[in-house]
Amino acid sequence: MSDYLQEMYPPDNPGEYHVPAVLLLDCSHSMNGAPLKELNDGLQIFGRTLREDPLALGRADLAIVTFNSSVHEIQPFMPASMYQPPMLEASGMTSLNGAINHALDMIRSRKDYYAKVSGTKYYRPWLFVLTDGYPTDKELTKATQERLQKEIRNKGVFYLPMAIGDQANPRILQDYYPPE
């Protein structure tokens with residue numbers, strides 16, 4: 001068993017089905033100003049809404065990953081009851097592809113934790129991607145899209161992209177879905 005699995009927070013109510021969810025948050029320079037304010041405000045609203053839903057509090061396990069020039073795991077998977085919205089600041093480039101790959105690795109580890117350590121059954125994990133949609137690590141785009149598309153097709157993850165800001169490009173985010 002990896003050290004990472006041992007360091008995970010156990011889920012609340014382990015006898016019930018859980019849903020692991022990663023919030024993948026763009027805090028690159030292109031998000032500066034109104035888009036970052038929109039994202040920070042949305043994280044606050046998400047926290048308030050979460051606290052009003054006892055079912056979600058008892059069954060969701062959340063991880064938070066930010067990305068700019070690099071990827072930062074700012075919260076490992078924890079019970080939703082422990083969610084504290086981060087206050088993001090903008091800087092750097094947009095390592096979207098690196099962040100998606102990191103999140104998929106986290107999801108795989110969480111599913112392994114459920115199966116091997118806690119015996120917790122789970123629903124399909126959620127991957128929320130909140131960004132303006134302009135990756136700067138373009139050399140990873142094709143491989144990342146193929147990996148995510150395979151996970152989506154195999155029902156390994158729900159991909160939930162959200163374009164943030166008036167200059168956002170939702171088309172780029174849609175390209176990570178499997179072709180129809």
# chains A, B, ... in the order shown; residues from 1 in each chain; ligands from 1
$ residues_around --residues "A:Glu38" --least-positions-apart "2" --cutoff "12 Å" --atoms "only C-alpha atoms" --output "tab-separated table (two decimals) with all heavy atoms, in the first residue's frame"
chain	number	residue	atom	x	y	z
A	25	LEU	N	-8.95	24.03	-10.03
A	25	LEU	CA	-9.18	25.46	-10.08
A	25	LEU	C	-8.03	26.21	-10.75
A	25	LEU	O	-6.88	26.14	-10.30
A	25	LEU	CB	-9.37	25.99	-8.65
A	25	LEU	CG	-10.37	25.23	-7.78
A	25	LEU	CD1	-10.33	25.74	-6.35
A	25	LEU	CD2	-11.77	25.32	-8.38
A	26	ASP	N	-8.35	26.95	-11.79
A	26	ASP	CA	-7.36	27.73	-12.54
A	26	ASP	C	-7.09	29.02	-11.79
A	26	ASP	O	-7.99	29.84	-11.58
A	26	ASP	CB	-7.93	28.02	-13.93
A	26	ASP	CG	-6.97	28.76	-14.85
A	26	ASP	OD1	-5.91	29.25	-14.38
A	26	ASP	OD2	-7.30	28.86	-16.05
A	27	CYS	N	-5.85	29.23	-11.38
A	27	CYS	CA	-5.48	30.50	-10.76
A	27	CYS	C	-4.28	31.10	-11.51
A	27	CYS	O	-3.40	31.72	-10.92
A	27	CYS	CB	-5.22	30.34	-9.26
A	27	CYS	SG	-3.96	29.17	-8.81
A	31	MET	N	-6.63	34.51	-15.40
A	31	MET	CA	-7.85	34.55	-14.57
A	31	MET	C	-7.90	35.81	-13.70
A	31	MET	O	-8.88	36.01	-12.97
A	31	MET	CB	-7.90	33.31	-13.68
A	31	MET	CG	-8.09	32.01	-14.41
A	31	MET	SD	-9.76	31.78	-15.00
A	31	MET	CE	-10.62	31.52	-13.45
A	32	ASN	N	-6.88	36.64	-13.76
A	32	ASN	CA	-6.81	37.83	-12.91
A	32	ASN	C	-8.02	38.75	-13.13
A	32	ASN	O	-8.55	38.84	-14.22
A	32	ASN	CB	-5.52	38.60	-13.21
A	32	ASN	CG	-5.15	39.52	-12.07
A	32	ASN	OD1	-5.49	39.27	-10.92
A	32	ASN	ND2	-4.45	40.59	-12.39
A	33	GLY	N	-8.47	39.38	-12.06
A	33	GLY	CA	-9.58	40.31	-12.14
A	33	GLY	C	-10.93	39.64	-11.95
A	33	GLY	O	-11.11	38.80	-11.07
A	34	ALA	N	-11.89	39.99	-12.82
A	34	ALA	CA	-13.26	39.51	-12.69
A	34	ALA	C	-13.39	37.98	-12.71
A	34	ALA	O	-14.14	37.42	-11.91
A	34	ALA	CB	-14.15	40.13	-13.78
A	35	PRO	N	-12.65	37.26	-13.59
A	35	PRO	CA	-12.80	35.80	-13.58
A	35	PRO	C	-12.41	35.18	-12.23
A	35	PRO	O	-13.11	34.29	-11.74
A	35	PRO	CB	-11.88	35.32	-14.70
A	35	PRO	CG	-11.76	36.48	-15.61
A	35	PRO	CD	-11.82	37.70	-14.73
A	36	LEU	N	-11.32	35.65	-11.64
A	36	LEU	CA	-10.90	35.09	-10.36
A	36	LEU	C	-11.87	35.46	-9.25
A	36	LEU	O	-12.17	34.65	-8.38
A	36	LEU	CB	-9.48	35.53	-10.00
A	36	LEU	CG	-8.85	34.71	-8.90
A	36	LEU	CD1	-8.64	33.27	-9.34
A	36	LEU	CD2	-7.53	35.32	-8.47
A	40	ASN	N	-13.68	32.76	-6.95
A	40	ASN	CA	-13.64	32.81	-5.49
A	40	ASN	C	-15.04	32.92	-4.89
A	40	ASN	O	-15.36	32.26	-3.90
A	40	ASN	CB	-12.76	33.97	-5.01
A	40	ASN	CG	-11.29	33.63	-5.04
A	40	ASN	OD1	-10.88	32.52	-4.71
A	40	ASN	ND2	-10.47	34.59	-5.44
A	41	ASP	N	-15.89	33.76	-5.50
A	41	ASP	CA	-17.28	33.88	-5.03
A	41	ASP	C	-18.01	32.55	-5.16
A	41	ASP	O	-18.76	32.14	-4.27
A	41	ASP	CB	-18.03	34.96	-5.81
A	41	ASP	CG	-17.55	36.37	-5.50
A	41	ASP	OD1	-16.77	36.56	-4.52
A	41	ASP	OD2	-17.93	37.30	-6.25
A	42	GLY	N	-17.80	31.87	-6.28
A	42	GLY	CA	-18.44	30.57	-6.51
A	42	GLY	C	-18.01	29.53	-5.49
A	42	GLY	O	-18.83	28.71	-5.04
A	43	LEU	N	-16.75	29.56	-5.07
A	43	LEU	CA	-16.27	28.61	-4.06
A	43	LEU	C	-16.92	28.86	-2.71
A	43	LEU	O	-17.20	27.92	-1.96
A	43	LEU	CB	-14.75	28.69	-3.95
A	43	LEU	CG	-13.98	28.21	-5.18
A	43	LEU	CD1	-12.50	28.54	-5.06
A	43	LEU	CD2	-14.20	26.73	-5.42
A	44	GLN	N	-17.19	30.12	-2.40
A	44	GLN	CA	-17.90	30.47	-1.16
A	44	GLN	C	-19.34	29.96	-1.22
A	44	GLN	O	-19.84	29.36	-0.27
A	44	GLN	CB	-17.88	31.98	-0.93
A	44	GLN	CG	-16.51	32.57	-0.69
A	44	GLN	CD	-15.91	32.13	0.62
A	44	GLN	OE1	-16.59	31.94	1.62
A	44	GLN	NE2	-14.60	31.94	0.61
A	45	ILE	N	-20.01	30.20	-2.34
A	45	ILE	CA	-21.39	29.75	-2.52
A	45	ILE	C	-21.45	28.23	-2.47
A	45	ILE	O	-22.35	27.66	-1.83
A	45	ILE	CB	-21.97	30.29	-3.85
A	45	ILE	CG1	-22.12	31.81	-3.78
A	45	ILE	CG2	-23.30	29.62	-4.18
A	45	ILE	CD1	-22.37	32.47	-5.13
A	87	MET	N	-8.96	30.93	-0.90
A	87	MET	CA	-8.97	32.26	-1.51
A	87	MET	C	-7.82	32.26	-2.51
A	87	MET	O	-6.65	32.21	-2.12
A	87	MET	CB	-8.79	33.36	-0.46
A	87	MET	CG	-8.92	34.76	-1.02
A	87	MET	SD	-10.45	35.10	-1.94
A	87	MET	CE	-11.67	35.02	-0.66
A	88	LEU	N	-8.16	32.28	-3.78
A	88	LEU	CA	-7.17	32.14	-4.84
A	88	LEU	C	-6.63	33.48	-5.29
A	88	LEU	O	-7.34	34.48	-5.30
A	88	LEU	CB	-7.80	31.41	-6.03
A	88	LEU	CG	-8.44	30.07	-5.73
A	88	LEU	CD1	-9.12	29.51	-6.97
A	88	LEU	CD2	-7.42	29.09	-5.19
A	130	LEU	N	-12.60	24.21	-13.42
A	130	LEU	CA	-13.05	25.60	-13.49
A	130	LEU	C	-11.90	26.45	-14.00
A	130	LEU	O	-10.89	26.65	-13.31
A	130	LEU	CB	-13.52	26.07	-12.11
A	130	LEU	CG	-14.76	25.36	-11.61
A	130	LEU	CD1	-14.39	24.16	-10.75
A	130	LEU	CD2	-15.65	26.30	-10.85
A	131	THR	N	-12.04	26.94	-15.24
A	131	THR	CA	-10.95	27.61	-15.93
A	131	THR	C	-11.48	28.51	-17.03
A	131	THR	O	-12.65	28.41	-17.40
A	131	THR	CB	-9.99	26.56	-16.53
A	131	THR	OG1	-8.92	27.21	-17.21
A	131	THR	CG2	-10.71	25.64	-17.49
A	132	ASP	N	-10.59	29.35	-17.57
A	132	ASP	CA	-10.96	30.11	-18.75
A	132	ASP	C	-10.68	29.31	-20.03
A	132	ASP	O	-11.03	29.71	-21.11
A	132	ASP	CB	-10.28	31.48	-18.78
A	132	ASP	CG	-8.77	31.41	-18.75
A	132	ASP	OD1	-8.19	30.31	-18.83
A	132	ASP	OD2	-8.14	32.48	-18.64
A	162	MET	N	-16.28	23.94	-16.39
A	162	MET	CA	-17.01	25.19	-16.26
A	162	MET	C	-16.11	26.32	-16.72
A	162	MET	O	-15.06	26.56	-16.13
A	162	MET	CB	-17.43	25.41	-14.81
A	162	MET	CG	-18.38	24.35	-14.32
A	162	MET	SD	-18.76	24.56	-12.59
A	162	MET	CE	-19.23	22.88	-12.18
A	163	ALA	N	-16.53	26.99	-17.79
A	163	ALA	CA	-15.78	28.11	-18.32
A	163	ALA	C	-16.04	29.34	-17.46
A	163	ALA	O	-17.18	29.69	-17.21
A	163	ALA	CB	-16.17	28.37	-19.77
A	164	ILE	N	-14.97	29.96	-17.02
A	164	ILE	CA	-15.06	31.12	-16.11
A	164	ILE	C	-14.64	32.38	-16.85
A	164	ILE	O	-13.58	32.42	-17.48
A	164	ILE	CB	-14.14	30.92	-14.88
A	164	ILE	CG1	-14.44	29.61	-14.15
A	164	ILE	CG2	-14.23	32.12	-13.94
A	164	ILE	CD1	-15.77	29.55	-13.47
A	165	GLY	N	-15.45	33.42	-16.75
A	165	GLY	CA	-15.10	34.73	-17.30
A	165	GLY	C	-15.63	34.96	-18.71
A	165	GLY	O	-15.93	34.02	-19.44
A	166	ASP	N	-15.69	36.23	-19.08
A	166	ASP	CA	-16.20	36.63	-20.39
A	166	ASP	C	-15.29	36.21	-21.54
A	166	ASP	O	-15.75	36.05	-22.67
A	166	ASP	CB	-16.38	38.15	-20.45
A	166	ASP	CG	-17.48	38.64	-19.53
A	166	ASP	OD1	-18.35	37.83	-19.15
A	166	ASP	OD2	-17.46	39.84	-19.18
$ residues_around --residues "stretch 110-126 of chain A" --least-positions-apart "3" --cutoff "6 Å" --atoms "only C-alpha atoms" --output "list of chain:residue names"
A:Leu5, A:Pro14, A:Tyr17, A:His18, A:Val19, A:Pro20, A:Ala21, A:Ile107, A:Val157, A:Phe158
$ select_by_dssp --residues "stretch 25-164 of chain A" --states "strand (DSSP E or B)" --output "ChimeraX atom specification"
/A:25-26,60-67,71-79,122,126-131,158-163
$ select_by_dssp --residues "chain A" --states "alpha helix (DSSP H)" --output "PyMOL selection string"
chain A and resi 3-7+34-51+54-59+96-113+141-153+170-174
$ closest_residue --among "A:Lys150, A:Asp137, A:Gln145, A:Lys155" --to "A:Asp175" --atoms "only C-alpha atoms"
A:Gln145
$ closest_atom_pairs --of "stretch 78-130 of chain A" --to "stretch 67-74 of chain A" --cutoff "6 Å" --atoms "only C-alpha atoms" --output "CSV"
residue,atom,partner,partner_atom,distance
A:Gly92,CA,A:Ser69,CA,5.0
A:Met93,CA,A:Ser69,CA,4.4
A:Thr94,CA,A:Asn68,CA,4.6
A:Ser95,CA,A:Asn68,CA,5.6
A:Ala99,CA,A:Val71,CA,5.6
$ write_last_selection --atoms "N, CA, C and O atoms" --output "PDB file, in the first residue's frame"
ATOM      1  N   GLY A  92       1.126  33.361 -13.060  1.00  0.00           N
ATOM      2  CA  GLY A  92       1.710  32.289 -13.844  1.00  0.00           C
ATOM      3  C   GLY A  92       0.916  31.863 -15.066  1.00  0.00           C
ATOM      4  O   GLY A  92      -0.059  32.490 -15.464  1.00  0.00           O
ATOM      5  N   MET A  93       1.343  30.755 -15.622  1.00  0.00           N
ATOM      6  CA  MET A  93       0.776  30.191 -16.844  1.00  0.00           C
ATOM      7  C   MET A  93      -0.409  29.277 -16.496  1.00  0.00           C
ATOM      8  O   MET A  93      -0.886  29.304 -15.370  1.00  0.00           O
ATOM      9  N   THR A  94      -0.845  28.439 -17.443  1.00  0.00           N
ATOM     10  CA  THR A  94      -2.037  27.610 -17.255  1.00  0.00           C
ATOM     11  C   THR A  94      -1.721  26.142 -17.546  1.00  0.00           C
ATOM     12  O   THR A  94      -1.888  25.673 -18.668  1.00  0.00           O
ATOM     13  N   SER A  95      -1.288  25.423 -16.533  1.00  0.00           N
ATOM     14  CA  SER A  95      -0.947  23.999 -16.677  1.00  0.00           C
ATOM     15  C   SER A  95      -2.196  23.130 -16.554  1.00  0.00           C
ATOM     16  O   SER A  95      -2.286  22.248 -15.690  1.00  0.00           O
ATOM     17  N   ALA A  99      -2.699  19.492 -14.639  1.00  0.00           N
ATOM     18  CA  ALA A  99      -3.664  19.454 -13.536  1.00  0.00           C
ATOM     19  C   ALA A  99      -4.685  18.333 -13.736  1.00  0.00           C
ATOM     20  O   ALA A  99      -5.031  17.623 -12.787  1.00  0.00           O
TER      21      ALA A  99
END
$ atom_distance --atom1 "atom CA of A:Thr141" --atom2 "atom CA of A:Arg108"
20.1 Å
$ closest_residue --among "A:Asp61, A:Leu39, A:Thr136, A:Asn101" --to "A:Met82" --atoms "only C-alpha atoms"
A:Asp61
$ atom_distance --atom1 "atom CA of A:Gly58" --atom2 "atom CA of A:Pro11"
8.1 Å
